[in-house]
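The file query02.csv contains CSV, C-alpha atoms and all ligand atoms:
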```
chain,number,residue,atom,x,y,z
A,1,MET,CA,21.0,2.3,-69.0
A,2,LYS,CA,22.0,-0.1,-66.3
A,3,ASN,CA,23.3,2.8,-64.2
A,4,VAL,CA,20.0,4.6,-64.6
A,5,ARG,CA,18.1,1.6,-63.5
A,6,LEU,CA,20.4,1.2,-60.6
A,7,LEU,CA,19.9,4.8,-59.7
A,8,ILE,CA,16.1,4.5,-59.9
A,9,GLY,CA,16.4,1.3,-57.8
A,10,VAL,CA,18.4,3.1,-55.2
A,11,PHE,CA,16.0,6.0,-55.3
A,12,VAL,CA,13.0,3.8,-54.8
A,13,ILE,CA,14.6,1.9,-51.9
A,14,ALA,CA,15.5,5.3,-50.3
A,15,MET,CA,11.9,6.5,-50.6
A,16,VAL,CA,10.5,3.4,-49.2
A,17,SER,CA,12.8,3.3,-46.2
A,18,TYR,CA,12.3,7.1,-45.7
A,19,SER,CA,8.5,6.7,-45.6
A,20,CYS,CA,8.8,3.6,-43.4
A,21,SER,CA,11.0,5.3,-40.9
A,22,ASN,CA,8.6,8.2,-40.9
A,23,ASP,CA,5.7,5.8,-40.0
A,24,ASN,CA,7.8,4.3,-37.2
A,25,GLU,CA,8.5,7.6,-35.7
A,26,VAL,CA,6.7,7.7,-32.3
A,27,LYS,CA,3.9,10.2,-32.7
A,28,PRO,CA,3.1,11.9,-29.5
A,29,ASP,CA,-0.4,10.6,-28.6
A,30,ALA,CA,-1.9,13.2,-26.3
A,31,ASP,CA,-4.3,10.7,-24.8
A,32,GLN,CA,-1.6,8.1,-24.0
A,33,ILE,CA,0.6,10.8,-22.5
A,34,ALA,CA,-2.2,12.0,-20.2
A,35,PHE,CA,-3.1,8.4,-19.3
A,36,ASP,CA,0.5,7.5,-18.5
A,37,ALA,CA,0.9,10.6,-16.3
A,38,ALA,CA,-2.4,9.9,-14.4
A,39,ASP,CA,-2.5,8.6,-10.8
A,40,GLY,CA,-4.8,5.6,-10.3
A,41,ALA,CA,-4.7,6.0,-6.5
A,42,ILE,CA,-6.2,9.5,-6.8
A,43,GLY,CA,-8.6,7.9,-9.2
A,44,ALA,CA,-9.6,5.5,-6.5
A,45,ARG,CA,-10.4,8.3,-4.1
A,46,LEU,CA,-12.4,10.1,-6.8
A,47,TYR,CA,-14.3,6.8,-7.5
A,48,ASP,CA,-15.2,6.6,-3.8
A,49,HIS,CA,-16.3,10.2,-3.3
A,50,VAL,CA,-15.9,12.7,-6.2
A,51,LEU,CA,-17.4,15.6,-4.2
A,52,ASN,CA,-15.2,15.2,-1.1
A,53,GLN,CA,-12.0,14.5,-3.1
A,54,VAL,CA,-12.3,17.7,-5.2
A,55,GLY,CA,-13.9,19.8,-2.4
A,56,VAL,CA,-17.3,20.5,-3.9
A,57,THR,CA,-19.4,22.6,-1.5
A,58,ASP,CA,-22.5,23.3,-3.6
A,59,THR,CA,-25.3,21.9,-1.6
A,60,LYS,CA,-27.2,21.0,-4.8
A,61,MET,CA,-24.6,18.1,-4.9
A,62,THR,CA,-23.5,17.7,-1.3
A,63,SER,CA,-27.0,17.1,0.0
A,64,LYS,CA,-27.4,14.0,-2.2
A,65,PRO,CA,-23.8,12.6,-2.5
A,66,ASN,CA,-24.8,9.1,-3.6
A,67,PHE,CA,-26.2,10.5,-6.8
A,68,PHE,CA,-22.6,11.6,-7.6
A,69,ARG,CA,-20.5,8.8,-6.2
A,70,CYS,CA,-19.2,6.3,-8.8
A,71,LYS,CA,-19.4,3.5,-6.2
A,72,SER,CA,-23.1,4.1,-5.6
A,73,CYS,CA,-24.1,3.3,-9.1
A,74,HIS,CA,-21.2,1.0,-10.2
A,75,GLY,CA,-20.3,-0.7,-6.9
A,76,TRP,CA,-17.0,-1.0,-4.9
A,77,ASP,CA,-16.4,-4.1,-7.1
A,78,LEU,CA,-17.2,-2.2,-10.4
A,79,LEU,CA,-19.8,-4.9,-11.1
A,80,GLY,CA,-23.0,-2.8,-10.9
A,81,GLN,CA,-26.2,-4.7,-10.3
A,82,LYS,CA,-24.5,-8.1,-10.6
A,83,GLY,CA,-22.1,-7.5,-7.8
A,84,VAL,CA,-22.4,-6.3,-4.2
A,85,LEU,CA,-25.2,-3.9,-5.1
A,86,ILE,CA,-27.5,-6.8,-5.9
A,87,ASP,CA,-29.4,-6.2,-2.7
A,88,LYS,CA,-29.3,-2.4,-2.6
A,89,GLN,CA,-32.7,-0.9,-2.9
A,90,SER,CA,-32.8,2.6,-4.4
A,91,SER,CA,-34.4,5.5,-2.6
A,92,ASP,CA,-34.6,9.2,-2.7
A,93,SER,CA,-31.0,9.2,-1.3
A,94,TYR,CA,-29.6,6.3,-3.2
A,95,PRO,CA,-29.7,5.8,-7.0
A,96,VAL,CA,-30.5,2.7,-9.1
A,97,ALA,CA,-27.3,0.8,-9.9
A,98,PHE,CA,-25.9,0.6,-13.4
A,99,SER,CA,-26.9,-2.7,-15.1
A,100,GLY,CA,-23.5,-3.2,-16.8
A,101,SER,CA,-20.0,-3.9,-15.5
A,102,LEU,CA,-17.0,-1.6,-15.5
A,103,MET,CA,-14.8,-4.7,-15.3
A,104,GLU,CA,-16.1,-5.5,-18.8
A,105,VAL,CA,-15.5,-1.9,-19.8
A,106,ARG,CA,-11.9,-2.3,-18.6
A,107,GLN,CA,-11.5,-5.3,-20.9
A,108,ASN,CA,-13.3,-4.0,-24.0
A,109,ASP,CA,-13.0,-0.2,-24.1
A,110,GLY,CA,-10.1,2.1,-25.0
A,111,ILE,CA,-8.9,4.9,-22.8
A,112,ARG,CA,-10.5,7.6,-25.0
A,113,GLU,CA,-13.9,5.9,-24.8
A,114,ILE,CA,-13.7,5.6,-21.0
A,115,PHE,CA,-12.6,9.2,-20.8
A,116,ASP,CA,-15.6,10.4,-22.8
A,117,ALA,CA,-18.0,8.2,-20.8
A,118,ILE,CA,-16.8,9.9,-17.6
A,119,LYS,CA,-16.7,13.4,-18.9
A,120,ASN,CA,-20.2,12.7,-20.1
A,121,THR,CA,-20.8,16.0,-21.7
A,122,SER,CA,-24.5,15.3,-22.3
A,123,GLY,CA,-25.1,13.7,-18.9
A,124,ARG,CA,-27.3,14.9,-16.0
A,125,SER,CA,-26.5,18.5,-15.0
A,126,THR,CA,-24.6,18.5,-11.7
A,127,THR,CA,-26.4,21.7,-10.6
A,128,SER,CA,-29.9,21.0,-11.8
A,129,GLY,CA,-31.1,19.7,-8.5
A,130,ILE,CA,-32.4,16.6,-10.4
A,131,TYR,CA,-31.4,13.3,-8.8
A,132,ASP,CA,-32.0,10.3,-11.0
A,133,ASN,CA,-30.2,7.3,-12.3
A,134,ASN,CA,-28.5,9.0,-15.2
A,135,MET,CA,-24.8,9.5,-14.9
A,136,PRO,CA,-23.8,13.1,-14.1
A,137,ALA,CA,-21.9,15.3,-16.5
A,138,PHE,CA,-18.7,15.0,-14.6
A,139,GLY,CA,-16.8,17.3,-17.0
A,140,GLU,CA,-18.7,20.1,-15.1
A,141,ILE,CA,-16.8,19.4,-11.8
A,142,LEU,CA,-13.7,17.5,-12.8
A,143,THR,CA,-10.6,18.7,-14.7
A,144,ASP,CA,-9.4,16.5,-17.6
A,145,ASP,CA,-6.4,15.4,-15.4
A,146,GLN,CA,-8.8,14.2,-12.7
A,147,ILE,CA,-10.9,12.3,-15.4
A,148,TRP,CA,-7.6,10.6,-16.6
A,149,ASP,CA,-7.0,9.6,-12.9
A,150,LEU,CA,-10.4,7.9,-13.0
A,151,VAL,CA,-9.6,6.3,-16.4
A,152,LYS,CA,-6.4,4.9,-15.0
A,153,PHE,CA,-8.2,3.6,-11.9
A,154,ILE,CA,-10.8,1.7,-14.0
A,155,LYS,CA,-8.4,0.5,-16.7
A,156,GLU,CA,-5.4,-0.5,-14.4
A,157,THR,CA,-5.5,0.2,-10.7
A,158,ALA,CA,-8.8,-1.1,-9.5
A,159,HIS,CA,-8.7,-4.5,-7.9
A,160,ASP,CA,-10.4,-7.6,-9.3
A,161,VAL,CA,-12.3,-8.4,-6.1
A,162,ASN,CA,-12.1,-12.1,-6.9
A,163,ASP,CA,-8.5,-11.9,-5.6
A,164,PHE,CA,-9.8,-10.9,-2.2
A,165,TYR,CA,-13.0,-13.0,-1.5
A,166,GLN,CA,-15.6,-15.1,-3.1
A,167,LEU,CA,-19.0,-13.5,-3.7
A,168,THR,CA,-22.0,-15.7,-4.1
A,169,THR,CA,-25.3,-14.1,-5.2
A,170,THR,CA,-28.8,-15.4,-5.6
A,171,GLY,CA,-31.8,-13.7,-7.3
A,172,THR,CA,-31.6,-10.5,-9.2
A,173,TYR,CA,-31.2,-6.8,-8.5
A,174,PRO,CA,-32.4,-5.1,-6.3
A,175,THR,CA,-34.0,-8.0,-4.3
A,176,GLY,CA,-31.2,-10.5,-4.6
A,177,SER,CA,-28.9,-11.5,-1.8
A,178,LYS,CA,-25.2,-11.9,-1.4
A,179,GLU,CA,-22.8,-13.9,0.7
A,180,PHE,CA,-19.0,-13.5,1.1
A,181,SER,CA,-16.8,-16.5,1.7
A,182,ASP,CA,-13.0,-17.2,1.6
A,183,ILE,CA,-12.4,-13.7,2.8
A,184,GLY,CA,-8.7,-12.9,2.4
A,185,ARG,CA,-8.2,-15.9,0.1
A,186,GLY,CA,-5.9,-17.9,2.3
A,187,GLY,CA,-3.9,-14.9,3.6
A,188,ASP,CA,-1.6,-15.3,6.6
A,189,PRO,CA,-3.3,-14.0,9.8
A,190,VAL,CA,-0.1,-13.7,11.8
A,191,ALA,CA,1.5,-11.5,9.1
A,192,GLY,CA,-1.8,-9.6,8.8
A,193,LEU,CA,-1.9,-8.7,12.5
A,194,ALA,CA,1.7,-7.5,12.4
A,195,THR,CA,0.9,-5.2,9.4
A,196,PHE,CA,-2.3,-4.0,11.1
A,197,LYS,CA,-0.3,-3.1,14.3
A,198,ALA,CA,2.5,-1.4,12.3
A,199,VAL,CA,0.3,0.5,9.9
A,200,CYS,CA,-3.3,0.9,11.0
A,201,ALA,CA,-3.4,0.7,14.8
A,202,GLY,CA,-2.0,4.2,15.4
A,203,CYS,CA,-5.3,5.6,14.2
A,204,HIS,CA,-7.8,2.7,14.5
A,205,GLY,CA,-6.5,1.3,17.8
A,206,GLN,CA,-4.9,-2.1,18.6
A,207,ASN,CA,-8.2,-3.8,18.3
A,208,GLY,CA,-9.7,-1.7,15.5
A,209,ASN,CA,-12.2,-0.2,17.8
A,210,LYS,CA,-10.8,3.3,18.4
A,211,ILE,CA,-12.7,4.8,15.4
A,212,ASN,CA,-16.5,4.3,15.3
A,213,ILE,CA,-16.8,4.5,11.5
A,214,TYR,CA,-19.2,7.3,10.5
A,215,CYS,CA,-20.4,7.1,14.1
A,216,LYS,CA,-22.9,4.5,12.8
A,217,GLY,CA,-21.8,1.7,15.1
A,218,GLU,CA,-19.1,0.0,13.1
A,219,TYR,CA,-15.6,-0.9,14.0
A,220,LEU,CA,-13.0,-2.3,11.7
A,221,GLY,CA,-13.8,-5.8,13.0
A,222,ASN,CA,-17.3,-5.4,11.5
A,223,MET,CA,-15.8,-4.2,8.2
A,224,PHE,CA,-13.3,-7.1,7.9
A,225,ARG,CA,-16.2,-9.6,8.3
A,226,GLU,CA,-19.2,-7.8,6.7
A,227,ASP,CA,-17.7,-5.4,4.2
A,228,PRO,CA,-14.7,-7.0,2.5
A,229,HIS,CA,-15.8,-5.3,-0.8
A,230,GLU,CA,-15.2,-1.9,0.8
A,231,MET,CA,-12.1,-3.1,2.8
A,232,GLN,CA,-10.2,-4.1,-0.3
A,233,HIS,CA,-10.5,-0.5,-1.5
A,234,LYS,CA,-10.2,1.6,1.6
A,235,ALA,CA,-7.4,-0.3,3.3
A,236,LEU,CA,-5.1,0.8,0.4
A,237,TRP,CA,-6.5,4.0,-1.0
A,238,GLY,CA,-8.0,5.5,2.2
A,239,MET,CA,-10.7,8.1,1.8
A,240,PRO,CA,-11.1,11.8,1.3
A,241,ASN,CA,-12.3,13.9,4.2
A,242,ASP,CA,-15.6,12.6,5.4
A,243,GLU,CA,-17.5,16.0,5.1
A,244,GLU,CA,-21.0,14.7,5.6
A,245,HIS,CA,-20.4,13.0,8.9
A,246,ILE,CA,-18.2,15.8,10.2
A,247,ALA,CA,-21.0,18.2,9.3
A,248,VAL,CA,-23.4,16.2,11.6
A,249,GLY,CA,-21.0,16.3,14.5
A,250,CYS,CA,-19.3,12.9,14.2
A,251,THR,CA,-15.9,13.5,15.9
A,252,ASP,CA,-14.5,10.1,14.8
A,253,ALA,CA,-15.0,11.1,11.1
A,254,GLY,CA,-12.1,12.3,9.1
A,255,MET,CA,-9.7,11.7,6.3
A,256,MET,CA,-7.7,8.5,5.8
A,257,PRO,CA,-4.4,8.9,3.8
A,258,ILE,CA,-3.3,6.4,1.0
A,259,GLN,CA,-1.5,3.5,2.7
A,260,SER,CA,1.8,1.9,1.6
A,261,ILE,CA,0.8,-1.7,1.7
A,262,THR,CA,0.5,-4.5,-0.8
A,263,ASP,CA,-2.5,-6.5,-1.9
A,264,GLN,CA,-1.1,-9.5,0.0
A,265,ASP,CA,-1.0,-7.3,3.1
A,266,ILE,CA,-4.7,-6.7,2.6
A,267,ARG,CA,-5.5,-10.4,2.3
A,268,ASN,CA,-3.5,-11.1,5.4
A,269,MET,CA,-5.3,-8.5,7.4
A,270,MET,CA,-8.6,-9.7,6.1
A,271,VAL,CA,-7.9,-13.2,7.5
A,272,ALA,CA,-6.7,-11.7,10.8
A,273,GLY,CA,-9.8,-9.6,10.9
A,274,GLN,CA,-12.1,-12.7,11.1
A,275,ASP,CA,-10.9,-13.1,14.8
A,276,THR,CA,-13.7,-11.5,16.8
A,277,VAL,CA,-11.6,-11.4,20.0
A,278,GLN,CA,-8.8,-9.4,18.4
A,279,PHE,CA,-11.2,-7.3,16.3
A,280,PRO,CA,-14.4,-7.0,18.2
A,281,GLY,CA,-17.6,-5.9,16.5
A,282,TYR,CA,-19.5,-2.8,17.7
A,283,LYS,CA,-22.0,-3.6,20.5
B,1,LIG,C1,-26.3,8.0,-10.7
B,1,LIG,C2,-25.6,6.9,-11.2
B,1,LIG,C3,-24.2,7.0,-11.8
B,1,LIG,C4,-23.2,7.6,-11.2
B,1,LIG,C5,-23.1,8.4,-9.9
B,1,LIG,C6,-22.0,7.3,-12.0
B,1,LIG,N1,-22.4,6.5,-13.1
B,1,LIG,FE1,-21.3,5.8,-14.6
B,1,LIG,N2,-22.9,5.2,-15.6
B,1,LIG,C7,-24.2,5.2,-15.1
B,1,LIG,C8,-25.1,4.8,-16.2
B,1,LIG,C9,-26.6,4.7,-16.0
B,1,LIG,C10,-24.3,4.4,-17.3
B,1,LIG,C11,-24.7,3.9,-18.7
B,1,LIG,C12,-24.6,5.0,-19.7
B,1,LIG,C13,-25.4,6.2,-19.5
B,1,LIG,O1,-26.6,6.1,-19.4
B,1,LIG,O2,-24.8,7.3,-19.4
B,1,LIG,C14,-22.9,4.7,-16.9
B,1,LIG,C15,-21.8,4.5,-17.7
B,1,LIG,C16,-20.5,4.6,-17.3
B,1,LIG,C17,-19.4,4.2,-18.1
B,1,LIG,C18,-19.4,3.6,-19.5
B,1,LIG,C19,-20.0,2.2,-19.3
B,1,LIG,C20,-20.1,1.5,-20.6
B,1,LIG,O3,-20.8,0.4,-20.6
B,1,LIG,O4,-19.7,1.9,-21.7
B,1,LIG,C21,-18.3,4.5,-17.3
B,1,LIG,C22,-16.8,4.3,-17.7
B,1,LIG,C23,-18.7,5.1,-16.1
B,1,LIG,N3,-20.1,5.1,-16.1
B,1,LIG,C24,-17.9,5.5,-15.1
B,1,LIG,C25,-18.3,6.3,-14.0
B,1,LIG,C26,-17.4,7.0,-13.0
B,1,LIG,C27,-15.9,6.9,-13.1
B,1,LIG,C28,-18.3,7.6,-12.2
B,1,LIG,C29,-17.9,8.6,-11.0
B,1,LIG,C30,-17.0,9.7,-11.4
B,1,LIG,C31,-19.6,7.3,-12.5
B,1,LIG,N4,-19.6,6.5,-13.6
B,1,LIG,C32,-20.7,7.7,-11.8
B,1,LIG,C33,-24.6,5.6,-13.9
B,1,LIG,C34,-23.8,6.3,-13.0
B,2,LIG,C1,-3.8,8.4,9.8
B,2,LIG,C2,-4.9,7.7,10.4
B,2,LIG,C3,-5.3,6.4,9.7
B,2,LIG,C4,-4.6,5.3,9.4
B,2,LIG,C5,-3.1,5.1,9.4
B,2,LIG,C6,-5.5,4.3,8.9
B,2,LIG,N1,-6.8,4.8,8.9
B,2,LIG,FE1,-8.5,3.8,8.3
B,2,LIG,N2,-9.5,5.5,8.7
B,2,LIG,C7,-9.1,6.6,9.3
B,2,LIG,C8,-10.1,7.6,9.4
B,2,LIG,C9,-10.0,9.0,10.0
B,2,LIG,C10,-11.3,7.0,8.8
B,2,LIG,C11,-12.6,7.6,8.6
B,2,LIG,C12,-13.6,7.4,9.6
B,2,LIG,C13,-14.9,8.2,9.4
B,2,LIG,O1,-14.9,9.1,8.6
B,2,LIG,O2,-15.9,7.8,9.9
B,2,LIG,C14,-10.9,5.6,8.4
B,2,LIG,C15,-11.7,4.7,7.8
B,2,LIG,C16,-11.4,3.4,7.5
B,2,LIG,C17,-12.3,2.5,6.9
B,2,LIG,C18,-13.7,2.6,6.7
B,2,LIG,C19,-14.2,3.5,5.7
B,2,LIG,C20,-15.7,3.5,5.5
B,2,LIG,O3,-16.1,4.3,4.8
B,2,LIG,O4,-16.4,2.6,6.0
B,2,LIG,C21,-11.5,1.3,6.7
B,2,LIG,C22,-12.0,0.0,6.1
B,2,LIG,C23,-10.2,1.6,7.2
B,2,LIG,N3,-10.1,2.9,7.6
B,2,LIG,C24,-9.2,0.7,7.2
B,2,LIG,C25,-7.9,0.9,7.5
B,2,LIG,C26,-6.8,0.0,7.4
B,2,LIG,C27,-7.0,-1.5,7.1
B,2,LIG,C28,-5.7,0.7,7.8
B,2,LIG,C29,-4.2,0.2,7.7
B,2,LIG,C30,-3.8,-0.4,6.5
B,2,LIG,C31,-6.0,2.0,8.1
B,2,LIG,N4,-7.4,2.2,7.9
B,2,LIG,C32,-5.1,3.0,8.4
B,2,LIG,C33,-7.8,6.9,9.7
B,2,LIG,C34,-6.7,6.0,9.4
```
How does this structure look as structure tokens?
Amino acid sequence: MKNVRLLIGVFVIAMVSYSCSNDNEVKPDADQIAFDAADGAIGARLYDHVLNQVGVTDTKMTSKPNFFRCKSCHGWDLLGQKGVLIDKQSSDSYPVAFSGSLMEVRQNDGIREIFDAIKNTSGRSTTSGIYDNNMPAFGEILTDDQIWDLVKFIKETAHDVNDFYQLTTTGTYPTGSKEFSDIGRGGDPVAGLATFKAVCAGCHGQNGNKINIYCKGEYLGNMFREDPHEMQHKALWGMPNDEEHIAVGCTDAGMMPIQSITDQDIRNMMVAGQDTVQFPGYK
């Protein structure tokens, strides 16, 4: 009898440990695998300009790019109406900004939720020729892998812009106003100038005035001082080929590759970029 009990005991322990070890077995989670394999720097370029990054040529989309660019509705800072877009009026070429914050989405939502929000199966048709504030059905133009790159960007790669400058806003969207201060957050301008000369000057010139950005009368000096929200993004992740400005004959327009620099390098350059002699503004 004792032996039987012992046997049952051993059997029960064996069953329990078997089922436990089975639970502990790492189940391949397809979502997590896709997320881990994704590239947040590619996600950053998609976030900037989906159409140019994937090479969309359908004029139903390319004629109104801002209605498809994530940054146009969500902001370079991911903060929507409460961030840098606070003073951005909508028009027939620019959508109304999203009222929520993707920085909160980053905190609160899982990767599958964010993936589904971007794929947006029931969203605005990309080929309808309708341009409104509803988010497009990006699953129509992006592969799942590209959507995962965007999930990675939002969840992990994107900067918290507070690490680069202080934004002070007054009023409310779209008639509010904004002011940047502490640009570069105490970075080292000497180191910043050295990085600029080593990494950026080859294309942008020693004084940042070789490329007239978009041919709209803007040198890097202007951007360092007036557009730090865009600088924190583009200095690192560059930008896909600038199809719309090339199409209208801007010979300065082009593609900027992803750069191998650190966030501290960006802060250092931002401080260096406040010097209007070294980095003149466009006249
Ligand atoms: C034309 C404006 C517009 C564009 C362009 C746009 N969105 Fe959105 N986005 C919205 C709106 C509005 C919502 C709120 C949900 C809805 O109505 O679909 C939203 C919701 C989201 C959400 C979920 C937010 C939440 O609170 O749960 C994510 C994530 C998101 N967008 C990411 C992106 C990405 C990535 C891109 C570019 C590939 C993009 N969006 C482009 C307008 C836009
Ligand atoms: C291989 C050449 C190249 C290098 C290196 C390079 N850029 Fe650029 N950059 C470009 C081109 C081309 C553009 C796009 C201009 C256009 O389309 O009007 C650009 C655009 C930009 C823009 C503005 C984009 C906009 O949309 O307003 C910023 C900001 C910028 N570069 C910063 C930098 C910084 C900072 C560095 C160094 C870390 C750097 N770039 C290195 C070629 C380069």
- Polymer residues at most 12 Å from stretch 87-94 of chain A, all atoms listed in the file, same-chain spacing of 2 or more positions, as JSON, numbers by chain: {"A": [61, 62, 63, 64, 65, 66, 67, 68, 69, 70, 71, 72, 73, 74, 75, 80, 81, 82, 83, 84, 85, 96, 97, 98, 130, 131, 132, 133, 169, 170, 171, 172, 173, 174, 175, 176, 177, 178, 179]}
- Write out as a list in words each polymer residue whose atoms come within 10 Å of A:Val248, counting only C-alpha atoms; drop sequence neighbours fewer than 5 positions from it.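 Returned residues: Tyr214, Cys215, Glu243 and Ala253 of chain A.
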- Message: Using all atoms listed in the file, which residues have at least one atom no more than 6 Å from ligand LIG 2 (chain B)? Output them as a VMD selection string.
- Response: chain A and resid 196 199 to 200 203 213 to 214 231 234 to 235 242 252 to 256 259
- Could you pull the residues within 12 Å of A:Ala198, counting all atoms listed in the file, minus those fewer than 4 positions along the same chain, as a PyMOL selection string? chain A and resi 191-194+202-206+259-261+265+269
Filtering to C-alpha atoms, could you give me those residues as a CSV table (one decimal), in the coordinates of the input?
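Generated output (selection-v3.csv):
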```
chain,number,residue,atom,x,y,z
A,191,ALA,CA,1.5,-11.5,9.1
A,192,GLY,CA,-1.8,-9.6,8.8
A,193,LEU,CA,-1.9,-8.7,12.5
A,194,ALA,CA,1.7,-7.5,12.4
A,202,GLY,CA,-2.0,4.2,15.4
A,203,CYS,CA,-5.3,5.6,14.2
A,204,HIS,CA,-7.8,2.7,14.5
A,205,GLY,CA,-6.5,1.3,17.8
A,206,GLN,CA,-4.9,-2.1,18.6
A,259,GLN,CA,-1.5,3.5,2.7
A,260,SER,CA,1.8,1.9,1.6
A,261,ILE,CA,0.8,-1.7,1.7
A,265,ASP,CA,-1.0,-7.3,3.1
A,269,MET,CA,-5.3,-8.5,7.4
```
What are the nearest atom pairs, with distances in Å to one decimal, for all residues of stretch 103-170 of chain A that come at most 10 Å from stretch 24-48 of chain A, using all atoms listed in the file, set out by chain and rising residue number as JSON lines?
```
{"residue": "A:Ile111", "atom": "CA", "partner": "A:Phe35", "partner_atom": "CA", "distance": 7.6}
{"residue": "A:Arg112", "atom": "CA", "partner": "A:Asp31", "partner_atom": "CA", "distance": 6.9}
{"residue": "A:Phe115", "atom": "CA", "partner": "A:Asp31", "partner_atom": "CA", "distance": 9.3}
{"residue": "A:Leu142", "atom": "CA", "partner": "A:Leu46", "partner_atom": "CA", "distance": 9.6}
{"residue": "A:Asp144", "atom": "CA", "partner": "A:Ala34", "partner_atom": "CA", "distance": 8.9}
{"residue": "A:Asp145", "atom": "CA", "partner": "A:Ala38", "partner_atom": "CA", "distance": 6.9}
{"residue": "A:Gln146", "atom": "CA", "partner": "A:Gly43", "partner_atom": "CA", "distance": 7.2}
{"residue": "A:Ile147", "atom": "CA", "partner": "A:Gly43", "partner_atom": "CA", "distance": 7.9}
{"residue": "A:Trp148", "atom": "CA", "partner": "A:Ala38", "partner_atom": "CA", "distance": 5.7}
{"residue": "A:Asp149", "atom": "CA", "partner": "A:Gly43", "partner_atom": "CA", "distance": 4.4}
{"residue": "A:Leu150", "atom": "CA", "partner": "A:Gly43", "partner_atom": "CA", "distance": 4.2}
{"residue": "A:Val151", "atom": "CA", "partner": "A:Phe35", "partner_atom": "CA", "distance": 7.4}
{"residue": "A:Lys152", "atom": "CA", "partner": "A:Gly40", "partner_atom": "CA", "distance": 5.0}
{"residue": "A:Phe153", "atom": "CA", "partner": "A:Gly40", "partner_atom": "CA", "distance": 4.3}
{"residue": "A:Ile154", "atom": "CA", "partner": "A:Gly40", "partner_atom": "CA", "distance": 8.1}
{"residue": "A:Lys155", "atom": "CA", "partner": "A:Gly40", "partner_atom": "CA", "distance": 8.9}
{"residue": "A:Glu156", "atom": "CA", "partner": "A:Gly40", "partner_atom": "CA", "distance": 7.4}
{"residue": "A:Thr157", "atom": "CA", "partner": "A:Gly40", "partner_atom": "CA", "distance": 5.5}
{"residue": "A:Ala158", "atom": "CA", "partner": "A:Ala44", "partner_atom": "CA", "distance": 7.3}
```
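Nearest residue to ligand LIG 1 (chain B), choosing from A:Val54, A:Met223, A:Val271, A:Ile118 and counting all atoms listed in the file: A:Ile118.
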- Query: Which of these residues is nearest to ligand LIG 1 (chain B), using only C-alpha atoms and all ligand atoms: A:Met135, A:Met103, A:Leu51, A:Ile141?
  - Reply: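 Closest candidate: A:Met135.
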Mind listing whatever residues come within 10 Å of the point (-25.7, 19.8, -19.6)? Use only C-alpha atoms, file coordinates, and give them as a PDB file with C-alpha atoms, in the coordinates of the input.
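What follows is the written file point.pdb:
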```pdb
ATOM      1  CA  ASN A 120     -20.200  12.700 -20.100  1.00  0.00           C
ATOM      2  CA  THR A 121     -20.800  16.000 -21.700  1.00  0.00           C
ATOM      3  CA  SER A 122     -24.500  15.300 -22.300  1.00  0.00           C
ATOM      4  CA  GLY A 123     -25.100  13.700 -18.900  1.00  0.00           C
ATOM      5  CA  ARG A 124     -27.300  14.900 -16.000  1.00  0.00           C
ATOM      6  CA  SER A 125     -26.500  18.500 -15.000  1.00  0.00           C
ATOM      7  CA  THR A 126     -24.600  18.500 -11.700  1.00  0.00           C
ATOM      8  CA  THR A 127     -26.400  21.700 -10.600  1.00  0.00           C
ATOM      9  CA  SER A 128     -29.900  21.000 -11.800  1.00  0.00           C
ATOM     10  CA  PRO A 136     -23.800  13.100 -14.100  1.00  0.00           C
ATOM     11  CA  ALA A 137     -21.900  15.300 -16.500  1.00  0.00           C
ATOM     12  CA  PHE A 138     -18.700  15.000 -14.600  1.00  0.00           C
ATOM     13  CA  GLY A 139     -16.800  17.300 -17.000  1.00  0.00           C
ATOM     14  CA  GLU A 140     -18.700  20.100 -15.100  1.00  0.00           C
TER      15      GLU A 140
END
```
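Across the model, the gap from atom CA of A:Gly55 to atom CA of A:Asn134 is 22.2 Å.
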- Query: Smallest atom-to-atom distance to ligand LIG 1 (chain B): which of A:Thr59, A:Thr168, A:Ser101, A:Asn52, using only C-alpha atoms and all ligand atoms?
  - Reply: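 Closest candidate: A:Ser101.
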- Task: Report the distance between atom C33 of ligand LIG 1 (chain B) and atom CA of A:Phe164 in Å, rounded to one decimal place.
- Result: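 It comes out at 25.1 Å.
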- Message: Can you measure atom C4 of ligand LIG 1 (chain B) to atom CA of A:Leu236 for me? One decimal in Å is fine.
- Response: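 Between these atoms lies a distance of 22.5 Å.
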- Item | Using all atoms listed in the file: which of A:Glu226, A:Asp116, A:Asp263, A:Asp275 has the shortest distance to ligand LIG 1 (chain B) | A:Asp116
